Every structure is written in C-alpha cells, then in structure tokens.
$ cat query.txt   # compact mmCIF, C-alpha atoms
# COMPACT_ATOMS: atom_id res chain seq x y z
CA MET V 456 -26.76 -24.87 14.08
CA SER V 457 -27.65 -24.22 10.44
CA THR V 458 -27.47 -25.93 7.09
CA THR V 459 -26.48 -24.11 3.93
CA ILE V 460 -28.33 -25.20 0.82
CA ASP V 461 -27.27 -24.01 -2.61
CA VAL V 462 -30.46 -23.47 -4.57
CA PRO V 463 -30.52 -22.10 -8.13
CA ALA V 464 -32.42 -18.81 -8.41
CA GLU V 465 -35.30 -20.31 -10.45
CA THR V 466 -35.94 -23.01 -7.84
CA THR V 467 -36.09 -20.39 -5.11
CA SER V 468 -38.90 -18.45 -6.74
CA LYS V 469 -40.86 -21.69 -7.28
CA ASN V 470 -40.50 -22.65 -3.62
CA ASN V 471 -41.63 -19.21 -2.51
CA ILE V 472 -45.05 -19.76 -4.07
CA GLY V 473 -45.87 -22.14 -1.24
CA ASN V 474 -45.09 -19.46 1.35
CA GLY V 475 -47.29 -16.93 -0.38
CA ILE V 476 -44.28 -14.87 -1.54
CA ARG V 477 -43.66 -14.67 -5.27
CA LYS V 478 -40.64 -13.16 -6.91
CA VAL V 479 -41.49 -10.80 -9.77
CA PRO V 480 -39.95 -12.22 -12.95
CA GLY V 481 -37.42 -9.90 -14.53
CA ALA V 482 -36.79 -8.06 -11.26
CA PRO V 483 -33.48 -6.14 -11.08
CA PRO V 484 -30.54 -8.17 -9.70
CA ARG V 485 -30.12 -8.09 -5.92
CA PRO V 486 -27.97 -5.16 -4.72
CA GLU V 487 -25.72 -7.56 -2.75
CA GLY V 488 -24.36 -8.96 -6.02
CA GLY V 489 -23.73 -5.39 -7.18
CA TRP V 490 -21.30 -4.29 -4.48
CA LYS V 491 -19.64 -7.70 -4.57
CA LYS V 492 -18.95 -7.33 -8.28
CA GLY V 493 -17.63 -3.82 -7.63
CA LEU V 494 -15.31 -5.19 -4.94
CA ALA V 495 -14.03 -7.88 -7.32
CA ILE V 496 -13.34 -5.31 -10.05
CA ILE V 497 -11.53 -2.98 -7.61
CA ASP V 498 -9.48 -6.03 -6.53
CA PHE V 499 -8.41 -6.54 -10.15
CA VAL V 500 -7.50 -2.86 -10.63
CA LEU V 501 -5.53 -2.75 -7.34
CA ARG V 502 -3.61 -5.83 -8.48
CA LEU V 503 -2.62 -4.00 -11.68
CA GLY V 504 -1.41 -1.06 -9.57
CA ALA V 505 0.54 -3.38 -7.25
CA ILE V 506 2.19 -5.07 -10.27
CA ALA V 507 3.28 -1.67 -11.59
CA SER V 508 4.74 -0.55 -8.26
CA ALA V 509 6.45 -3.89 -7.45
CA LEU V 510 8.08 -4.26 -10.87
CA GLY V 511 8.85 -0.52 -10.95
CA ALA V 512 10.60 -0.80 -7.59
CA ALA V 513 12.62 -3.82 -8.76
CA ALA V 514 13.60 -2.12 -12.02
CA THR V 515 14.55 1.19 -10.36
CA MET V 516 16.71 -0.60 -7.80
CA ALA V 517 18.30 -2.92 -10.38
CA THR V 518 19.35 -0.05 -12.65
CA SER V 519 20.70 2.17 -9.87
CA ASP V 520 24.43 2.65 -10.13
CA GLU V 521 26.62 5.69 -10.19
CA THR V 522 30.25 6.09 -11.13
CA LEU V 523 32.12 9.02 -9.67
CA PRO V 524 34.58 10.99 -11.80
CA PHE V 525 37.07 11.12 -8.94
CA PHE V 526 38.63 8.90 -6.28
CA THR V 527 38.93 9.59 -2.56
CA GLN V 528 40.58 7.74 0.24
CA PHE V 529 37.42 6.15 1.59
CA PHE V 530 35.13 5.61 -1.39
CA GLN V 531 35.47 3.61 -4.55
CA PHE V 532 34.61 4.80 -8.03
CA GLU V 533 31.24 3.08 -8.30
CA ALA V 534 28.12 2.60 -6.18
CA SER V 535 25.70 -0.06 -7.33
CA TYR V 536 22.79 -1.97 -5.80
CA ASP V 537 24.81 -5.19 -5.79
CA SER V 538 27.29 -3.77 -3.31
CA PHE V 539 24.57 -4.34 -0.67
CA SER V 540 23.12 -7.80 -0.16
CA THR V 541 19.96 -6.15 1.23
CA PHE V 542 19.38 -4.43 -2.11
CA GLN V 543 20.01 -7.71 -3.96
CA TYR V 544 17.31 -9.31 -1.80
CA PHE V 545 15.07 -6.31 -2.54
CA VAL V 546 15.38 -6.76 -6.32
CA ILE V 547 14.79 -10.53 -6.17
CA ALA V 548 11.86 -10.26 -3.72
CA MET V 549 10.13 -7.45 -5.64
CA ALA V 550 10.48 -9.25 -8.98
CA PHE V 551 9.11 -12.39 -7.30
CA VAL V 552 6.14 -10.46 -5.84
CA GLY V 553 5.46 -8.87 -9.24
CA GLY V 554 5.50 -12.31 -10.87
CA TYR V 555 3.08 -13.69 -8.29
CA LEU V 556 0.72 -10.74 -8.85
CA VAL V 557 0.70 -11.34 -12.61
CA LEU V 558 -0.10 -15.03 -12.03
CA SER V 559 -2.88 -14.07 -9.56
CA LEU V 560 -4.76 -12.00 -12.19
CA PRO V 561 -6.65 -15.01 -13.66
CA PHE V 562 -7.91 -15.93 -10.17
CA SER V 563 -9.03 -12.33 -9.67
CA ILE V 564 -10.95 -12.53 -12.97
CA VAL V 565 -12.62 -15.75 -11.77
CA THR V 566 -13.92 -13.91 -8.68
CA ILE V 567 -15.41 -11.21 -10.96
CA ILE V 568 -17.24 -13.78 -13.10
CA ARG V 569 -18.26 -16.21 -10.35
CA LEU V 570 -19.17 -13.92 -7.45
CA HIS V 571 -20.04 -16.78 -5.09
CA ALA V 572 -16.88 -18.83 -5.58
CA ALA V 573 -15.21 -18.96 -2.15
CA GLY V 574 -12.31 -21.21 -3.26
CA PRO V 575 -10.41 -18.68 -5.42
CA ARG V 576 -10.89 -15.98 -2.77
CA LEU V 577 -9.46 -18.20 -0.02
CA PHE V 578 -6.56 -19.15 -2.30
CA LEU V 579 -5.86 -15.47 -3.04
CA ILE V 580 -6.09 -14.29 0.59
CA ILE V 581 -3.62 -16.96 1.81
CA LEU V 582 -1.04 -16.32 -0.94
CA ASP V 583 -1.54 -12.54 -0.62
CA THR V 584 -0.66 -12.77 3.08
CA VAL V 585 2.53 -14.72 2.34
CA PHE V 586 3.64 -12.30 -0.39
CA LEU V 587 2.67 -9.29 1.74
CA THR V 588 5.23 -10.56 4.25
CA ILE V 589 7.90 -10.94 1.54
CA ALA V 590 7.20 -7.48 0.10
CA THR V 591 7.17 -5.79 3.52
CA SER V 592 10.39 -7.45 4.66
CA SER V 593 12.32 -6.42 1.53
CA ALA V 594 10.91 -2.88 1.64
CA ALA V 595 11.73 -2.41 5.34
CA ALA V 596 15.24 -3.89 5.07
CA ALA V 597 16.04 -1.62 2.11
CA THR V 598 14.62 1.35 4.05
CA ALA V 599 16.99 0.66 6.94
CA ILE V 600 20.00 0.73 4.58
CA VAL V 601 18.74 3.79 2.67
CA TYR V 602 18.37 5.60 6.00
CA LEU V 603 21.96 4.68 6.89
CA ALA V 604 23.17 5.82 3.47
CA HIS V 605 21.48 9.20 3.99
CA ASN V 606 22.30 9.77 7.66
CA GLY V 607 25.09 7.39 8.60
CA ASN V 608 25.55 6.28 12.19
CA GLN V 609 27.79 8.20 14.54
CA ASP V 610 28.24 5.52 17.20
CA SER V 611 29.37 2.76 14.88
CA ASN V 612 31.35 5.15 12.67
CA TRP V 613 29.33 4.36 9.53
CA LEU V 614 29.55 7.47 7.35
CA ALA V 615 26.69 8.69 5.13
CA ILE V 616 27.50 7.90 1.49
CA CYS V 617 24.77 10.04 -0.05
CA ASN V 618 27.01 13.11 -0.06
CA GLN V 619 29.12 11.36 -2.66
CA PHE V 620 26.53 9.27 -4.49
CA GLY V 621 23.56 11.63 -4.83
CA ASP V 622 21.97 10.06 -7.94
CA PHE V 623 22.38 6.55 -6.54
CA CYS V 624 20.64 7.58 -3.32
CA GLN V 625 17.78 9.17 -5.25
CA ALA V 626 17.25 5.95 -7.22
CA ILE V 627 17.23 3.66 -4.17
CA SER V 628 14.94 6.05 -2.26
CA GLY V 629 12.49 6.03 -5.16
CA ALA V 630 12.55 2.24 -5.28
CA VAL V 631 11.77 2.04 -1.55
CA VAL V 632 8.82 4.43 -1.91
CA ALA V 633 7.42 2.36 -4.82
CA SER V 634 7.76 -0.82 -2.75
CA PHE V 635 5.74 0.70 0.11
CA VAL V 636 2.99 1.61 -2.35
CA ALA V 637 2.87 -2.10 -3.25
CA VAL V 638 2.69 -3.03 0.47
CA VAL V 639 -0.25 -0.67 1.07
CA LEU V 640 -2.07 -2.08 -1.97
CA PHE V 641 -1.49 -5.62 -0.65
CA VAL V 642 -3.06 -4.72 2.71
CA LEU V 643 -6.10 -3.26 0.90
CA LEU V 644 -6.38 -6.44 -1.24
CA ILE V 645 -6.40 -8.68 1.85
CA VAL V 646 -8.97 -6.53 3.68
CA MET V 647 -11.28 -6.48 0.63
CA CYS V 648 -10.90 -10.23 0.14
CA ALA V 649 -11.78 -10.86 3.82
CA VAL V 650 -14.89 -8.65 3.56
CA ALA V 651 -16.02 -10.55 0.43
CA LEU V 652 -15.33 -13.95 2.10
CA ARG V 653 -17.39 -12.96 5.15
CA ASN V 654 -20.54 -12.54 3.07
CA HIS V 655 -20.46 -15.98 1.49
CA MET T 1077 -26.86 -17.85 -10.65
CA SER T 1078 -27.53 -19.43 -7.25
CA THR T 1079 -28.92 -18.27 -3.93
CA THR T 1080 -27.65 -19.36 -0.54
CA ILE T 1081 -30.31 -19.87 2.07
CA ASP T 1082 -29.43 -20.23 5.73
CA VAL T 1083 -31.89 -22.70 7.23
CA PRO T 1084 -31.81 -23.66 10.95
CA ALA T 1085 -31.34 -27.40 11.49
CA GLU T 1086 -34.78 -27.88 13.09
CA THR T 1087 -36.56 -26.27 10.15
CA THR T 1088 -34.67 -28.53 7.78
CA SER T 1089 -35.83 -31.69 9.50
CA LYS T 1090 -39.44 -30.44 9.50
CA ASN T 1091 -39.26 -29.66 5.81
CA ASN T 1092 -37.73 -33.04 5.12
CA ILE T 1093 -40.87 -34.81 6.38
CA GLY T 1094 -42.55 -33.84 3.15
CA ASN T 1095 -39.78 -35.54 1.21
CA GLY T 1096 -40.04 -38.71 3.26
CA ILE T 1097 -36.70 -38.12 5.05
CA ARG T 1098 -36.74 -37.57 8.80
CA LYS T 1099 -33.82 -36.58 10.98
CA VAL T 1100 -33.39 -38.71 14.11
CA PRO T 1101 -33.89 -36.51 17.22
CA GLY T 1102 -30.95 -36.42 19.60
CA ALA T 1103 -28.41 -37.19 16.85
CA PRO T 1104 -24.75 -36.32 17.73
CA PRO T 1105 -23.64 -32.77 16.77
CA ARG T 1106 -22.27 -32.40 13.25
CA PRO T 1107 -18.47 -32.69 13.04
CA GLU T 1108 -18.19 -29.28 11.26
CA GLY T 1109 -18.69 -27.46 14.58
CA GLY T 1110 -15.93 -29.60 16.09
CA TRP T 1111 -13.07 -28.58 13.82
CA LYS T 1112 -14.24 -24.98 13.95
CA LYS T 1113 -13.98 -24.96 17.72
CA GLY T 1114 -10.53 -26.60 17.45
CA LEU T 1115 -9.44 -23.87 15.02
CA ALA T 1116 -10.67 -21.16 17.41
CA ILE T 1117 -8.79 -22.70 20.34
CA ILE T 1118 -5.58 -23.04 18.28
CA ASP T 1119 -6.05 -19.36 17.32
CA PHE T 1120 -6.11 -18.44 21.01
CA VAL T 1121 -3.00 -20.53 21.80
CA LEU T 1122 -1.07 -19.10 18.83
CA ARG T 1123 -1.94 -15.60 20.05
CA LEU T 1124 -0.40 -16.42 23.44
CA GLY T 1125 2.75 -17.63 21.64
CA ALA T 1126 2.87 -14.49 19.51
CA ILE T 1127 2.52 -12.28 22.62
CA ALA T 1128 5.46 -14.09 24.24
CA SER T 1129 7.71 -13.74 21.19
CA ALA T 1130 6.77 -10.10 20.45
CA LEU T 1131 7.24 -8.91 24.03
CA GLY T 1132 10.35 -11.11 24.40
CA ALA T 1133 11.85 -9.54 21.27
CA ALA T 1134 11.09 -6.02 22.54
CA ALA T 1135 12.54 -6.76 26.00
CA THR T 1136 15.68 -8.44 24.66
CA MET T 1137 16.37 -5.54 22.32
CA ALA T 1138 15.60 -2.89 24.94
CA THR T 1139 18.01 -4.39 27.48
CA SER T 1140 20.86 -4.93 25.03
CA ASP T 1141 23.84 -2.78 25.79
CA GLU T 1142 27.49 -3.47 26.29
CA THR T 1143 30.26 -1.33 27.73
CA LEU T 1144 33.79 -2.11 26.68
CA PRO T 1145 36.64 -1.96 29.20
CA PHE T 1146 38.88 -0.20 26.68
CA PHE T 1147 38.81 2.63 24.15
CA THR T 1148 39.94 2.54 20.52
CA GLN T 1149 40.22 5.17 17.87
CA PHE T 1150 37.02 4.17 16.04
CA PHE T 1151 34.63 2.86 18.67
CA GLN T 1152 33.16 4.40 21.74
CA PHE T 1153 32.88 2.76 25.14
CA GLU T 1154 29.27 1.69 24.89
CA ALA T 1155 26.98 0.02 22.37
CA SER T 1156 23.26 0.23 23.04
CA TYR T 1157 20.08 -0.27 21.05
CA ASP T 1158 19.31 3.44 21.13
CA SER T 1159 22.40 4.23 19.09
CA PHE T 1160 20.42 2.94 16.08
CA SER T 1161 17.08 4.50 15.19
CA THR T 1162 16.12 1.23 13.50
CA PHE T 1163 16.41 -0.61 16.83
CA GLN T 1164 14.41 2.12 18.56
CA TYR T 1165 11.64 1.56 15.99
CA PHE T 1166 11.97 -2.19 16.61
CA VAL T 1167 11.39 -1.85 20.36
CA ILE T 1168 8.43 0.50 19.94
CA ALA T 1169 6.83 -1.56 17.14
CA MET T 1170 7.24 -4.90 18.95
CA ALA T 1171 5.81 -3.51 22.21
CA PHE T 1172 2.91 -2.06 20.19
CA VAL T 1173 2.29 -5.43 18.47
CA GLY T 1174 2.43 -7.24 21.82
CA GLY T 1175 -0.10 -4.77 23.26
CA TYR T 1176 -2.45 -5.28 20.32
CA LEU T 1177 -2.21 -9.07 20.73
CA VAL T 1178 -3.13 -8.86 24.42
CA LEU T 1179 -6.14 -6.67 23.53
CA SER T 1180 -7.15 -9.14 20.78
CA LEU T 1181 -7.44 -12.06 23.23
CA PRO T 1182 -11.07 -11.24 24.28
CA PHE T 1183 -12.13 -11.25 20.62
CA SER T 1184 -10.41 -14.61 20.16
CA ILE T 1185 -12.38 -15.97 23.15
CA VAL T 1186 -15.61 -14.67 21.58
CA THR T 1187 -14.89 -16.73 18.44
CA ILE T 1188 -14.42 -19.85 20.64
CA ILE T 1189 -17.78 -19.33 22.38
CA ARG T 1190 -19.79 -18.12 19.39
CA LEU T 1191 -18.50 -20.26 16.52
CA HIS T 1192 -20.75 -18.62 13.92
CA ALA T 1193 -19.95 -15.00 14.73
CA ALA T 1194 -18.39 -13.60 11.55
CA GLY T 1195 -18.00 -10.05 12.91
CA PRO T 1196 -15.19 -10.69 15.43
CA ARG T 1197 -13.33 -12.85 12.90
CA LEU T 1198 -13.45 -10.12 10.25
CA PHE T 1199 -12.33 -7.56 12.83
CA LEU T 1200 -9.40 -9.80 13.85
CA ILE T 1201 -8.27 -10.62 10.30
CA ILE T 1202 -8.17 -6.94 9.28
CA LEU T 1203 -6.23 -5.80 12.37
CA ASP T 1204 -3.97 -8.87 12.19
CA THR T 1205 -3.02 -7.90 8.64
CA VAL T 1206 -2.14 -4.35 9.68
CA PHE T 1207 -0.05 -5.51 12.65
CA LEU T 1208 1.60 -8.25 10.57
CA THR T 1209 2.89 -5.44 8.37
CA ILE T 1210 4.21 -3.48 11.37
CA ALA T 1211 5.87 -6.57 12.89
CA THR T 1212 7.44 -7.65 9.59
CA SER T 1213 8.78 -4.18 8.81
CA SER T 1214 10.46 -3.78 12.19
CA ALA T 1215 11.87 -7.33 12.08
CA ALA T 1216 13.26 -6.91 8.56
CA ALA T 1217 14.74 -3.46 9.21
CA ALA T 1218 16.49 -4.72 12.35
CA THR T 1219 17.75 -7.76 10.41
CA ALA T 1220 19.36 -5.49 7.81
CA ILE T 1221 21.26 -3.60 10.54
CA VAL T 1222 22.19 -6.81 12.43
CA TYR T 1223 23.59 -8.20 9.17
CA LEU T 1224 25.66 -5.03 8.72
CA ALA T 1225 26.87 -5.23 12.33
CA HIS T 1226 28.02 -8.81 11.76
CA ASN T 1227 29.48 -8.47 8.26
CA GLY T 1228 30.00 -4.78 7.58
CA ASN T 1229 30.03 -3.48 4.02
CA GLN T 1230 33.27 -3.22 2.10
CA ASP T 1231 32.12 -0.85 -0.64
CA SER T 1232 30.74 1.85 1.66
CA ASN T 1233 33.52 1.32 4.23
CA TRP T 1234 31.12 0.36 7.04
CA LEU T 1235 33.09 -1.88 9.39
CA ALA T 1236 31.59 -4.80 11.28
CA ILE T 1237 31.16 -3.87 14.95
CA CYS T 1238 30.45 -7.38 16.23
CA ASN T 1239 34.16 -8.10 16.68
CA GLN T 1240 34.14 -5.49 19.45
CA PHE T 1241 30.60 -5.84 20.80
CA GLY T 1242 30.02 -9.61 20.89
CA ASP T 1243 27.40 -9.71 23.66
CA PHE T 1244 25.49 -6.79 22.17
CA CYS T 1245 25.36 -8.57 18.81
CA GLN T 1246 24.12 -11.78 20.41
CA ALA T 1247 21.30 -9.91 22.14
CA ILE T 1248 20.12 -8.08 19.00
CA SER T 1249 20.35 -11.29 16.92
CA GLY T 1250 18.19 -13.12 19.48
CA ALA T 1251 15.63 -10.30 19.42
CA VAL T 1252 15.43 -10.49 15.61
CA VAL T 1253 14.88 -14.26 15.70
CA ALA T 1254 12.07 -13.86 18.28
CA SER T 1255 10.43 -11.20 16.13
CA PHE T 1256 10.39 -13.53 13.10
CA VAL T 1257 8.70 -16.19 15.24
CA ALA T 1258 5.97 -13.62 15.92
CA VAL T 1259 5.69 -12.87 12.17
CA VAL T 1260 5.26 -16.58 11.30
CA LEU T 1261 2.58 -16.94 14.01
CA PHE T 1262 0.77 -13.88 12.58
CA VAL T 1263 0.70 -15.44 9.11
CA LEU T 1264 -0.75 -18.68 10.57
CA LEU T 1265 -3.38 -16.67 12.48
CA ILE T 1266 -4.53 -14.88 9.30
CA VAL T 1267 -4.66 -18.10 7.27
CA MET T 1268 -6.69 -19.87 9.98
CA CYS T 1269 -9.05 -16.90 10.31
CA ALA T 1270 -9.60 -16.85 6.52
CA VAL T 1271 -10.38 -20.60 6.49
CA ALA T 1272 -12.89 -20.14 9.33
CA LEU T 1273 -14.50 -17.12 7.59
CA ARG T 1274 -14.88 -19.08 4.36
CA ASN T 1275 -17.14 -21.65 6.03
CA HIS T 1276 -19.67 -19.18 7.42
$ encode --input "query.txt" --output "structure tokens"
Amino acid sequence: MSTTIDVPAETTSKNNIGNGIRKVPGAPPRPEGGWKKGLAIIDFVLRLGAIASALGAAATMATSDETLPFFTQFFQFEASYDSFSTFQYFVIAMAFVGGYLVLSLPFSIVTIIRLHAAGPRLFLIILDTVFLTIATSSAAAATAIVYLAHNGNQDSNWLAICNQFGDFCQAISGAVVASFVAVVLFVLLIVMCAVALRNH
Amino acid sequence: MSTTIDVPAETTSKNNIGNGIRKVPGAPPRPEGGWKKGLAIIDFVLRLGAIASALGAAATMATSDETLPFFTQFFQFEASYDSFSTFQYFVIAMAFVGGYLVLSLPFSIVTIIRLHAAGPRLFLIILDTVFLTIATSSAAAATAIVYLAHNGNQDSNWLAICNQFGDFCQAISGAVVASFVAVVLFVLLIVMCAVALRNH
C-alpha cells in the first residue's frame, strides 16, 4: 500500500537536506521528463499525419466517379461512390474521424506542456480507442467491397466491375490504403499514450 | 514543475509523527484498493464474455452452409462461408482473437492478485488494441458482404442471394452480431485498463 504525494521540485530538495542528500541547484532536468516530452511531441506529429490520411481518404472516395462513353447490357453509364452504401459510410466515418483528430490537437498540446497531467492522456486514450474502432470498421468494410469490385464472386454471380471502371477502382483502392494508414497511426497513438500513462 | 514520490503507508505514518498527526494502527484498508480489485475482476469476466462471443462467431460462420434442393440458371446448389474470402478471413481472425483472449486470462488474473503491477496492464492494453483492430476489421468486412447478400447492389448488378439462401444468411448475420459483441467488450476492456493504469 502506498501514498502518492505531489511535492513541488523546490520542496523536494529542501526535504532532502534532512536525509543528507542535497540536490545540486541548476542541475540538468531529469532524463525521464526528456523522453516523455519526446513522446508527447511524436504524439502530436502522428496526429497531424492521421488527419492528413483520414481526410485524404474521405476526399479521394468522395470525388471518385467515372462515366463511361458507352453503354452495355449489364452496366450503367456512371460509377460513383454513392452507388454503394458502404462507401457512403466510409466517407462519413473518415470525415468524422478527421474532425475528431483536429479537435484532439489542443489536448495533445496540453500533454506536451504539462507532462504530468494524466487527465488529458486518459481522455485521449479513451476517445482514440472509440475512433480507432470507427476508422477500422469503415476501412475494412470498404476493403471488402473493393475486393469484390476487383475480383467479383463466382458462386454468387457477382461480376467484377473494375474491368469497366478502371479509374473508379483506382480511386477507391487509394482511399482504402489511406484509411489503413490512419488506422496504423491510431494504434501507435494508443500504445504511446498507454506507455506515458503507465509512468505517472 | 512537481515531483511524485511513492511513499509506503507505514513510512508516511512515521513521518507524520513529526507533524503531530498519527495514523491509527489497524485502520480499515483504503477504499482505492477496493474499486481497483473490482475493476480487475470485471476485466476477467468481460474477457470470458469476449471469448464466448469471438469463438461463437467463428463457429457459427464456419458451420454455415446451405444446399438447395433445386438448380437455377444463376445460382449453384450450395452456399458456404468458403465461397467468400471475406468470410474465410472472418473465421480465421475470430478464432485467432478467441485464442489470444484465452491466453490473456492468466495476465488478467495477475492484475487481480497484484493490484499495483503496471507491467501486465500495459502488456494487456497494447495487445488488446492490436486484437481490437483485427476483430473490428473482420466484423466490418463480413458486415459489408452480409449487407450485399441481403440487399444486393443495383448499380453493379449484384443480386441479393438471401432470397435463395435464407438459412445461410441467418447464420452469417448471427455470426456478425456476435463479432460486434466481442468488439464492444474489447473497447470496454481497453477503457477499464487505461483507467486502472492512470491511478498507478
């Protein structure tokens, strides 16, 4: 059983006189604070990267449409993301995740300035976990449809549409790749936040 | 700037004599340890629930197949999960997640016995995050295909197959629901682990 006491640095050095240990005034800052600050700054940079990939994925998917110059028996003139409800969910979810990440930046800055603030870190790790789930679900659902669009499915007679809509398929594939970059960055953010929380 | 000092309870009471405050010997244990133990036990119970839903989802999907008594121009005699690579991924990923959860149970028991051990908690939160991503991706990808099987897609001329394969569709829908139960339990596990880590 232990009690945690929050003592300002000056008080600590005064108390240490009694134990025969004296802190040298003007000593360099403890290395623990150093790597913690580095972790907080990397957290901020990774958030910027995740914003770019999430919003990039949403924008790429939202602008993907292709109109064919001809008409066949099976396919219509135009392929667009809003033909598929999965891709609509993808655009909404990725824009939502990007918006959350932008709003989380101030909290990330707080953890850089106040290294020992556990509150903002706990807040970030909980919301990061929720939005990781949203980002992963939209990315994986879109991947399943992109796979079908490329390969089709013999048994259920779903034909591949990428033979006809090549540019459309390239756009949606790019969006899916960008969304998985955001997912990987989210996992790194949570792991780093947990490591920083452990050392409080 | 502040420094956190970890002082054992006995030392605190000795030090307090100088300040005129004395702790009563044999006082009841502090309530902090109580809720922490409760959190660790809930963690263990939630893990059992997540194992049941993950393995249940994998088993339901793996045993889903339906043979029709007739033959039509478009559909074959049999629908099975291994017609769809997404469902194959689902079965493998869910079995994998269930296996991880079983192996994580000893670490969960360690956190019940040793309430102040930060190492096992950090280990669990990092692996939980990774397996949350795997579980969510397989659940979402399967959901996208189940949605297509139920509703089809007009624009790409993918017909709904659930009119023909009703029992198959019920089985895969049930598996998807079970997998999302596992995802929700994973999110709760990570949040609880982060709260417990914060108070170390």
$ atom_distance --input "query.txt" --atom1 "CA of Leu652 in chain V" --atom2 "CA of Thr1187 in chain T"
16.6 Å
$ residues_around --input "query.txt" --residues "Ile1168 in chain T" --least-positions-apart "4" --cutoff "8 Å" --atoms "only C-alpha atoms" --output "ChimeraX atom specification"
/T:1134,1164,1172
$ residues_around --input "query.txt" --residues "Ala517 in chain V" --least-positions-apart "6" --cutoff "12 Å" --atoms "only C-alpha atoms" --output "count of residues only"
21
$ atom_distance --input "query.txt" --atom1 "CA of Ile600 in chain V" --atom2 "CA of Val1257 in chain T"
23.0 Å
$ atom_distance --input "query.txt" --atom1 "CA of Val1259 in chain T" --atom2 "CA of Ser1213 in chain T"
9.8 Å
$ closest_residue --input "query.txt" --among "V:Ser508, V:Thr584, V:Ser559, V:Thr518" --to "chain T" --atoms "only C-alpha atoms"
V:Thr584
$ closest_residue --input "query.txt" --among "V:Gly493, V:Gly488, V:Pro561, V:Gly504" --to "chain T" --atoms "only C-alpha atoms"
V:Gly488
$ residues_around --input "query.txt" --residues "Asp498 in chain V" --least-positions-apart "5" --cutoff "10 Å" --atoms "all atoms listed in the file" --output "ChimeraX atom specification"
/V:492-493,503-504,560,563-564,566-567,640-641,643-645,647-648
$ closest_residue --input "query.txt" --among "T:Val1178, T:Ala1254, T:Ala1135, T:Ala1225" --to "chain V" --atoms "only C-alpha atoms"
T:Ala1225
$ closest_residue --input "query.txt" --among "V:Asn608, V:Ala595, V:Thr515, V:Leu494" --to "Val646 in chain V" --atoms "all atoms listed in the file"
V:Leu494
$ closest_residue --input "query.txt" --among "T:Leu1235, T:Leu1191, T:Ala1155, T:Leu1203" --to "Val642 in chain V" --atoms "only C-alpha atoms"
T:Leu1203
$ residues_around --input "query.txt" --residues "Ala649 in chain V" --least-positions-apart "5" --cutoff "8 Å" --atoms "all atoms listed in the file" --output "PyMOL selection string"
(chain V and resi 580) or (chain T and resi 1198+1201-1202+1270+1273)
$ residues_near_point --input "query.txt" --point "(0.1, -8.5, 15.0)" --cutoff "6 Å" --atoms "only C-alpha atoms" --output "count of residues only"
5
$ decode --input "query.txt" --residues "range 519-581 of chain V" --atoms "C-alpha atoms" --output "mmCIF file, in the first residue's frame"
data_model
loop_
_atom_site.group_PDB
_atom_site.id
_atom_site.type_symbol
_atom_site.label_atom_id
_atom_site.label_comp_id
_atom_site.auth_asym_id
_atom_site.auth_seq_id
_atom_site.Cartn_x
_atom_site.Cartn_y
_atom_site.Cartn_z
ATOM 1 C CA SER V 519 -14.389 9.103 -57.165
ATOM 2 C CA ASP V 520 -16.777 8.753 -60.055
ATOM 3 C CA GLU V 521 -16.360 7.665 -63.613
ATOM 4 C CA THR V 522 -18.663 7.990 -66.583
ATOM 5 C CA LEU V 523 -18.234 5.539 -69.402
ATOM 6 C CA PRO V 524 -18.511 6.690 -73.021
ATOM 7 C CA PHE V 525 -20.558 3.619 -73.923
ATOM 8 C CA PHE V 526 -23.462 1.530 -72.658
ATOM 9 C CA THR V 527 -23.613 -2.231 -72.234
ATOM 10 C CA GLN V 528 -26.354 -4.577 -71.241
ATOM 11 C CA PHE V 529 -25.229 -5.002 -67.646
ATOM 12 C CA PHE V 530 -23.591 -1.735 -66.632
ATOM 13 C CA GLN V 531 -24.846 1.797 -66.414
ATOM 14 C CA PHE V 532 -23.058 4.870 -67.680
ATOM 15 C CA GLU V 533 -21.702 6.040 -64.343
ATOM 16 C CA ALA V 534 -19.947 4.555 -61.314
ATOM 17 C CA SER V 535 -19.819 6.704 -58.209
ATOM 18 C CA TYR V 536 -19.113 6.162 -54.521
ATOM 19 C CA ASP V 537 -22.756 6.823 -53.643
ATOM 20 C CA SER V 538 -23.890 3.748 -55.545
ATOM 21 C CA PHE V 539 -22.548 1.746 -52.567
ATOM 22 C CA SER V 540 -23.842 2.426 -49.071
ATOM 23 C CA THR V 541 -20.556 1.026 -47.700
ATOM 24 C CA PHE V 542 -18.633 3.784 -49.474
ATOM 25 C CA GLN V 543 -21.096 6.403 -48.190
ATOM 26 C CA TYR V 544 -20.400 5.140 -44.655
ATOM 27 C CA PHE V 545 -16.672 5.272 -45.444
ATOM 28 C CA VAL V 546 -16.802 8.947 -46.451
ATOM 29 C CA ILE V 547 -18.903 9.955 -43.425
ATOM 30 C CA ALA V 548 -16.825 7.922 -40.946
ATOM 31 C CA MET V 549 -13.467 9.152 -42.292
ATOM 32 C CA ALA V 550 -14.585 12.803 -42.265
ATOM 33 C CA PHE V 551 -15.846 12.272 -38.705
ATOM 34 C CA VAL V 552 -12.521 10.700 -37.630
ATOM 35 C CA GLY V 553 -10.603 13.563 -39.267
ATOM 36 C CA GLY V 554 -12.768 16.088 -37.411
ATOM 37 C CA TYR V 555 -12.170 14.335 -34.094
ATOM 38 C CA LEU V 556 -8.407 14.317 -34.719
ATOM 39 C CA VAL V 557 -8.406 18.068 -35.397
ATOM 40 C CA LEU V 558 -10.341 18.669 -32.159
ATOM 41 C CA SER V 559 -7.905 16.394 -30.245
ATOM 42 C CA LEU V 560 -4.868 18.534 -31.190
ATOM 43 C CA PRO V 561 -5.331 21.032 -28.297
ATOM 44 C CA PHE V 562 -5.381 18.133 -25.806
ATOM 45 C CA SER V 563 -2.198 16.769 -27.385
ATOM 46 C CA ILE V 564 -0.574 20.200 -26.938
ATOM 47 C CA VAL V 565 -1.629 20.195 -23.262
ATOM 48 C CA THR V 566 0.239 16.889 -22.750
ATOM 49 C CA ILE V 567 3.376 18.472 -24.287
ATOM 50 C CA ILE V 568 3.231 21.472 -21.942
ATOM 51 C CA ARG V 569 2.071 19.675 -18.779
ATOM 52 C CA LEU V 570 3.969 16.378 -18.898
ATOM 53 C CA HIS V 571 2.449 15.067 -15.663
ATOM 54 C CA ALA V 572 -1.198 15.719 -16.499
ATOM 55 C CA ALA V 573 -2.865 12.293 -16.514
ATOM 56 C CA GLY V 574 -6.390 13.631 -17.220
ATOM 57 C CA PRO V 575 -5.874 14.720 -20.858
ATOM 58 C CA ARG V 576 -3.993 11.488 -21.611
ATOM 59 C CA LEU V 577 -6.813 9.329 -20.228
ATOM 60 C CA PHE V 578 -9.350 11.406 -22.177
ATOM 61 C CA LEU V 579 -7.329 10.968 -25.389
ATOM 62 C CA ILE V 580 -6.750 7.219 -24.981
ATOM 63 C CA ILE V 581 -10.476 6.513 -24.431
#
